[in-house]
Amino acid sequence: MRKAILIIAGLLFYQSVSAQNETKHDLKFDTLARQWDEAIPLGNGMLGALIWQKGDHLRFSLDRADLWDLRPMKGLHRKEFSYQWVINQVDKKDYAPVQKYLDEPYDHEPAPSKIPGGALEFDTKDWGKVKSVNLHLSNALCTVKWANGIVLKTFVHATAPVGWFRFENIKTGLGPKLIAPKYQGAIKVSGDPVGGDDLSRLGYPAGTISQQGNSITYKQKGWGGFTYQINVSWHKVNANTIEGVWTISSQYPAKKINPTAAAVSAKALKRGLQTDFDSHENWWDNFWSKSAIHIPDALLEKQWYLEQYKFGSASRVGAPPISLQAVWTADNGRLPPWKGDFHHDLNTQLSYWPSYSANHLDEGMAYLNHLDANKTNYQRYTKMYFGKSGLAVPGVTTMNGTEMGGWIQYSLSPTVSSWLGQHYYLQWRYSMDKNFLRIRAYPWIKSTAQFIESLTVLDSKGHRKLPISSSPEINDNDITAWFHQNTNYDLALMKFTFKAAAELATELDQKAEAAHWQKIYDEFDDFAVTPANELMFAPSMAYNQSHRHFSNMLCIYPLGLLKWEDGEMAQSVIKNSIHLLDSVGPAYWCGYSYSWLANMKARAKDGLGAAKDLTIFAKAFCSINSFHLNGDQTKSGYSKFQYRPFTLEGNFAFASGLQEMLLQSYAGFIEITPAIPATWKNLSFENLRAEGAFLVSVKKENGQIDEVKIVSEKGGKTKLKLPFKTWFAQSQTDVEIGTLKDGLIDLDFKPGAVLVLKNGYE
């Protein structure tokens, strides 16, 4: 009876997979990738797998987000670990000790670092050539077919900590093998944070691999009592079909005891593949229902869907947020690029840009949950390094938020918590969750404001400034990377903090606090611009070099302190600064630079320019599996960087850029298609989210907006920039349409209200 049930379940899974329409957004190949950074990515925020071929073996590179070597950075925490000491060294022009004590450990030491899990291999040398490889985005399922008729179907469950595989039409036995990472062996690469040091530098003892029947377990000891396990278990469904499951369990000392990997696998096998696939598919159905876009540029549309897929695979409440590589740690015998850490001077921030308007607020909460969970550790760092209360966050951290050093202008920057604070602000603005505002958003921003207020001083003109300031990563880690004036980067972040603090305090009826934050805000100077209205790095340094990090332009995007909508002066600064950026050129840009620039050009209403930069990103800076590889892979002059370290922030900034082209709401009103090329005559999108918790859907036909639908989750007032000359309300439920002024129409919604406006075509 049990065998009959398993056969029926297998048939249901087969039919379910077959019924999925292969869309134009799927990844499709006629062979398996031969290297890990071109592999098919699967993941659920905690577990990840890369499906590829190594030699004659099918290989699953297995990863878990919380596999970390958390040893303290050797040599970092010394008596000189002090912001005031750094200031003194800068003032004395004796900076070499700073570089030696605080910068160099990151480059020289192998850990702390994210570490890989291991690999699962199957011998396929007698199966013939691979005929097809398909990643179905709709249900996050990878299907591989071989010439001899064998078919693999594999997925990482959307919410359960397991990955499944199923081999069909297999005539002989199947012997999976677990492969341990190369934690032993000769050390050939050391001191290479970009390419990654050899794993053997970590000094781990050899792990153990044991088999009991159709179950194999690998156990590995890490640093400081940390251990992890990988288990793979499988069974025959019938004479020609084998199903199996794998998982990774982790255990930190003094933490709650987690189930063993073998126990997790056994529980999954008891549930069965079909049961797990059904719940997995339901999760992805819900994920894809949150938003959709349809544009006439097939390349950009497909890339957007691939970015959404990776976002859904890499961020999940209950798991660590997206790090540099998330759940796809390098599988090459080396540590991941830049230790796979949490870079808060750009990378994590860009990775979560698209969550808001793409209507994936739940996945975005993984980021903020991580930050709140580590707040006590950040406060320890704030007191230890800056000697202040309030809240600062290291720019480069481990999974638990501990500082790792590196170029300290950025890894120990005083304004990191300000940039992170914008994500709390955006989560509030896009959700209008008053409870979140009260207990999470405002407390974070308030603590950051208190810290910045205590750290800054008033200069002779009464302007508030940092003792020393920097602009990532201008002049690298040289003493000249420090400025005795506020850089535009630090200035933008500080001004944003106090502006947001005043706004949120007002929202919470904290009038005295709001007045105080506004007073501090007013003490900051204007942004430094040249006589030609171009944003500078600092008052003493114009934008004079190609650089990957557009730190001087943070006030345009993402902070929105300088808005196109502010009028001619603001437009002049925005337009001229972007023009200067393009004129100096992209020699030292990375892929994410193009994605970021597209967001800025969208804010400048330059749809053609934004589309061009997104196209360059997709064509030149991505692997065949869509991973952002930082360097120009086409060697077409888009950058002098032609290397290929994989990081994710460029991917997700791409998605944000396309969303900015289709919908903007940061300026106090909703604007439809604010920055699209004139050639995009026909397009539509569904359920993009605007500030104020409004879901917006649009149809454009023959060059004209035909329909705008707005659904209000929480109720409230907004303005819509009318996208047509004449119009009528096709549907109007619980919403009042007010006056029209300067092309903006007032709208007042009740919670759940729906408004559909149609073009009158008159």
# chains A, B, ... in the order shown; residues from 1 in each chain; ligands from 1
>>> closest_atom_pairs(of="region 272-381 of chain A", to="region 585-598 of chain A", cutoff="10 Å", atoms="only C-alpha atoms", output="JSON lines")
{"residue": "A:Leu346", "atom": "CA", "partner": "A:Tyr592", "partner_atom": "CA", "distance": 9.8}
{"residue": "A:Asn347", "atom": "CA", "partner": "A:Tyr592", "partner_atom": "CA", "distance": 9.1}
{"residue": "A:Leu350", "atom": "CA", "partner": "A:Trp596", "partner_atom": "CA", "distance": 8.2}
>>> closest_atom_pairs(of="region 152-267 of chain A", to="region 33-56 of chain A", cutoff="10 Å", atoms="only C-alpha atoms", output="JSON lines")
{"residue": "A:Thr154", "atom": "CA", "partner": "A:Leu42", "partner_atom": "CA", "distance": 8.9}
{"residue": "A:Phe155", "atom": "CA", "partner": "A:Leu42", "partner_atom": "CA", "distance": 6.6}
{"residue": "A:Val156", "atom": "CA", "partner": "A:Gly43", "partner_atom": "CA", "distance": 5.5}
{"residue": "A:His157", "atom": "CA", "partner": "A:Asn44", "partner_atom": "CA", "distance": 6.6}
{"residue": "A:Ala158", "atom": "CA", "partner": "A:Asn44", "partner_atom": "CA", "distance": 5.0}
{"residue": "A:Thr159", "atom": "CA", "partner": "A:Asn44", "partner_atom": "CA", "distance": 6.3}
{"residue": "A:Ala160", "atom": "CA", "partner": "A:Asn44", "partner_atom": "CA", "distance": 8.1}
{"residue": "A:Pro161", "atom": "CA", "partner": "A:Leu47", "partner_atom": "CA", "distance": 6.5}
{"residue": "A:Val162", "atom": "CA", "partner": "A:Leu47", "partner_atom": "CA", "distance": 7.4}
{"residue": "A:Gly163", "atom": "CA", "partner": "A:Leu47", "partner_atom": "CA", "distance": 8.0}
{"residue": "A:Thr247", "atom": "CA", "partner": "A:Leu47", "partner_atom": "CA", "distance": 7.9}
{"residue": "A:Ile248", "atom": "CA", "partner": "A:Leu47", "partner_atom": "CA", "distance": 7.6}
{"residue": "A:Ser249", "atom": "CA", "partner": "A:Leu47", "partner_atom": "CA", "distance": 9.7}
>>> residues_around(residues="Asn148 (chain A)", least_positions_apart="3", cutoff="9 Å", atoms="only C-alpha atoms", output="list of chain:residue names")
A:Asp126, A:Trp127, A:Gly128, A:Lys129, A:Val130, A:Lys145, A:Asn169, A:Ile170
>>> write_last_selection(atoms="N, CA and C atoms", output="tab-separated table (two decimals), in the first residue's frame")
chain	number	residue	atom	x	y	z
A	126	ASP	N	28.28	7.90	-17.31
A	126	ASP	CA	27.66	6.94	-18.24
A	126	ASP	C	26.28	7.37	-18.70
A	127	TRP	N	25.89	8.60	-18.42
A	127	TRP	CA	24.54	9.05	-18.75
A	127	TRP	C	24.46	9.73	-20.11
A	128	GLY	N	25.60	9.97	-20.74
A	128	GLY	CA	25.59	10.72	-21.99
A	128	GLY	C	25.56	12.21	-21.76
A	129	LYS	N	25.40	12.95	-22.84
A	129	LYS	CA	25.41	14.40	-22.73
A	129	LYS	C	24.12	14.93	-22.10
A	130	VAL	N	24.26	16.07	-21.47
A	130	VAL	CA	23.07	16.78	-20.99
A	130	VAL	C	22.33	17.36	-22.18
A	145	LYS	N	17.87	17.18	-18.03
A	145	LYS	CA	17.62	15.96	-18.81
A	145	LYS	C	18.90	15.52	-19.51
A	169	ASN	N	13.72	7.61	-14.63
A	169	ASN	CA	14.23	6.78	-15.74
A	169	ASN	C	15.66	6.32	-15.48
A	170	ILE	N	15.96	6.07	-14.24
A	170	ILE	CA	17.31	5.63	-13.89
A	170	ILE	C	17.33	4.11	-13.82
>>> residues_around(residues="Leu269 (chain A)", least_positions_apart="3", cutoff="12 Å", atoms="only C-alpha atoms", output="list in words")
Leu6, Val162, Gly163, Trp164, Phe165, Asn214, Ser215, Val232, Ser233, Trp234, His235, Lys236, Val237, Glu243, Gly244, Val245, Trp246, Thr247, Ala262, Ala263, Val264, Ser265, Ala266, Gly272, Leu273, Gln274, Thr275 and Asp276 of chain A
>>> residues_around(residues="Arg316 (chain A)", least_positions_apart="5", cutoff="12 Å", atoms="only C-alpha atoms", output="compact mmCIF listing (two decimals) with C-alpha atoms, in the first residue's frame")
# COMPACT_ATOMS: atom_id res chain seq x y z
CA GLY A 43 17.56 28.81 -2.09
CA ASN A 44 15.19 29.76 0.70
CA GLY A 45 17.10 32.42 2.63
CA MET A 46 18.68 29.87 4.98
CA LEU A 47 19.69 27.02 2.67
CA ALA A 65 23.43 31.21 5.72
CA ALA A 158 10.68 27.60 0.14
CA THR A 159 10.30 27.48 3.93
CA ALA A 160 11.49 24.11 5.25
CA PRO A 161 15.24 23.54 5.80
CA TRP A 283 4.82 29.82 -1.29
CA PHE A 287 5.51 35.43 -3.89
CA LYS A 310 17.03 35.55 -6.44
CA PHE A 311 15.55 37.95 -3.89
CA PRO A 321 19.70 38.80 5.64
CA ILE A 322 21.40 38.98 2.27
CA ALA A 326 23.81 35.15 0.52
CA VAL A 327 23.24 31.36 0.34
CA TYR A 352 17.16 45.62 -0.11
CA SER A 355 11.82 45.11 -1.62
CA HIS A 360 8.00 42.29 -0.85
CA LEU A 361 7.97 43.94 2.56
CA ASP A 362 7.93 40.60 4.38
CA GLU A 363 11.19 39.49 2.80
CA GLY A 364 12.61 42.94 3.51
CA MET A 365 11.94 42.47 7.22
CA ALA A 366 14.73 39.87 7.39
CA TYR A 367 17.17 42.77 7.08
CA LEU A 368 15.66 44.84 9.86
CA ASN A 369 15.18 41.83 12.14
CA HIS A 370 18.90 41.13 11.82
>>> select_by_dssp(residues="region 660-708 of chain A", states="strand (DSSP E)", output="number ranges by chain")
A: 663-664, 670-672, 683-690, 694-701, 704-708
>>> residues_around(residues="region 576-579 of chain A", least_positions_apart="5", cutoff="9 Å", atoms="only C-alpha atoms", output="CSV table (one decimal) with N, CA and C atoms, in the first residue's frame")
chain,number,residue,atom,x,y,z
A,532,ALA,N,29.7,75.1,-11.4
A,532,ALA,CA,28.9,74.5,-12.5
A,532,ALA,C,27.7,73.7,-12.0
A,533,ASN,N,27.4,73.8,-10.7
A,533,ASN,CA,26.3,73.1,-10.0
A,533,ASN,C,26.5,71.6,-10.2
A,534,GLU,N,27.7,71.1,-9.8
A,534,GLU,CA,28.0,69.7,-9.8
A,534,GLU,C,28.4,69.3,-8.3
A,535,LEU,N,27.8,68.2,-7.9
A,535,LEU,CA,28.1,67.7,-6.5
A,535,LEU,C,29.5,67.3,-6.4
A,536,MET,N,30.2,67.8,-5.3
A,536,MET,CA,31.6,67.5,-5.0
A,536,MET,C,31.7,66.3,-4.1
A,543,TYR,N,34.4,66.2,-7.9
A,543,TYR,CA,34.4,64.9,-8.5
A,543,TYR,C,35.4,64.9,-9.6
A,553,MET,N,26.8,61.5,-4.3
A,553,MET,CA,25.5,61.7,-4.9
A,553,MET,C,24.4,61.0,-4.1
A,571,GLN,N,17.2,70.6,-10.2
A,571,GLN,CA,17.3,69.9,-11.5
A,571,GLN,C,18.7,70.2,-12.1
A,584,VAL,N,33.3,61.9,-16.8
A,584,VAL,CA,34.6,61.3,-16.3
A,584,VAL,C,34.7,59.9,-16.7
A,597,LEU,N,23.4,54.0,-11.0
A,597,LEU,CA,23.2,55.2,-11.9
A,597,LEU,C,21.8,55.1,-12.5
A,600,MET,N,19.4,56.7,-10.3
A,600,MET,CA,19.5,58.2,-10.3
A,600,MET,C,19.0,58.8,-11.5
A,601,LYS,N,19.2,58.2,-12.7
A,601,LYS,CA,18.7,58.7,-13.9
A,601,LYS,C,17.2,58.6,-14.0
A,604,ALA,N,15.9,61.5,-12.3
A,604,ALA,CA,16.1,62.7,-13.1
A,604,ALA,C,15.2,62.6,-14.3
>>> decode(residues="region 522-553 of chain A", atoms="C-alpha atoms", output="short mmCIF file (atom, residue, chain, number, x, y, z; two decimals), in the first residue's frame")
data_model
loop_
_atom_site.label_atom_id
_atom_site.label_comp_id
_atom_site.auth_asym_id
_atom_site.auth_seq_id
_atom_site.Cartn_x
_atom_site.Cartn_y
_atom_site.Cartn_z
CA ASP A 522 19.07 73.29 10.52
CA GLU A 523 22.65 73.46 11.81
CA PHE A 524 24.02 71.48 8.87
CA ASP A 525 25.41 73.30 5.84
CA ASP A 526 24.28 72.91 2.24
CA PHE A 527 25.82 70.31 -0.03
CA ALA A 528 29.12 71.22 -1.64
CA VAL A 529 28.75 72.00 -5.35
CA THR A 530 31.06 73.46 -7.97
CA PRO A 531 30.31 76.78 -9.73
CA ALA A 532 28.88 74.55 -12.49
CA ASN A 533 26.34 73.06 -10.05
CA GLU A 534 28.04 69.67 -9.76
CA LEU A 535 28.07 67.74 -6.51
CA MET A 536 31.57 67.46 -5.04
CA PHE A 537 33.11 64.81 -2.82
CA ALA A 538 33.78 67.50 -0.21
CA PRO A 539 34.14 71.30 -0.21
CA SER A 540 37.86 70.85 -0.93
CA MET A 541 37.54 68.13 -3.58
CA ALA A 542 35.48 68.08 -6.75
CA TYR A 543 34.36 64.91 -8.48
CA ASN A 544 37.59 64.34 -10.39
CA GLN A 545 37.99 60.59 -10.81
CA SER A 546 36.12 57.56 -12.00
CA HIS A 547 34.94 55.59 -8.99
CA ARG A 548 32.58 52.68 -8.40
CA HIS A 549 30.87 54.21 -5.35
CA PHE A 550 28.74 57.29 -6.11
CA SER A 551 29.05 58.43 -2.51
CA ASN A 552 28.98 62.14 -3.35
CA MET A 553 25.50 61.72 -4.88
#
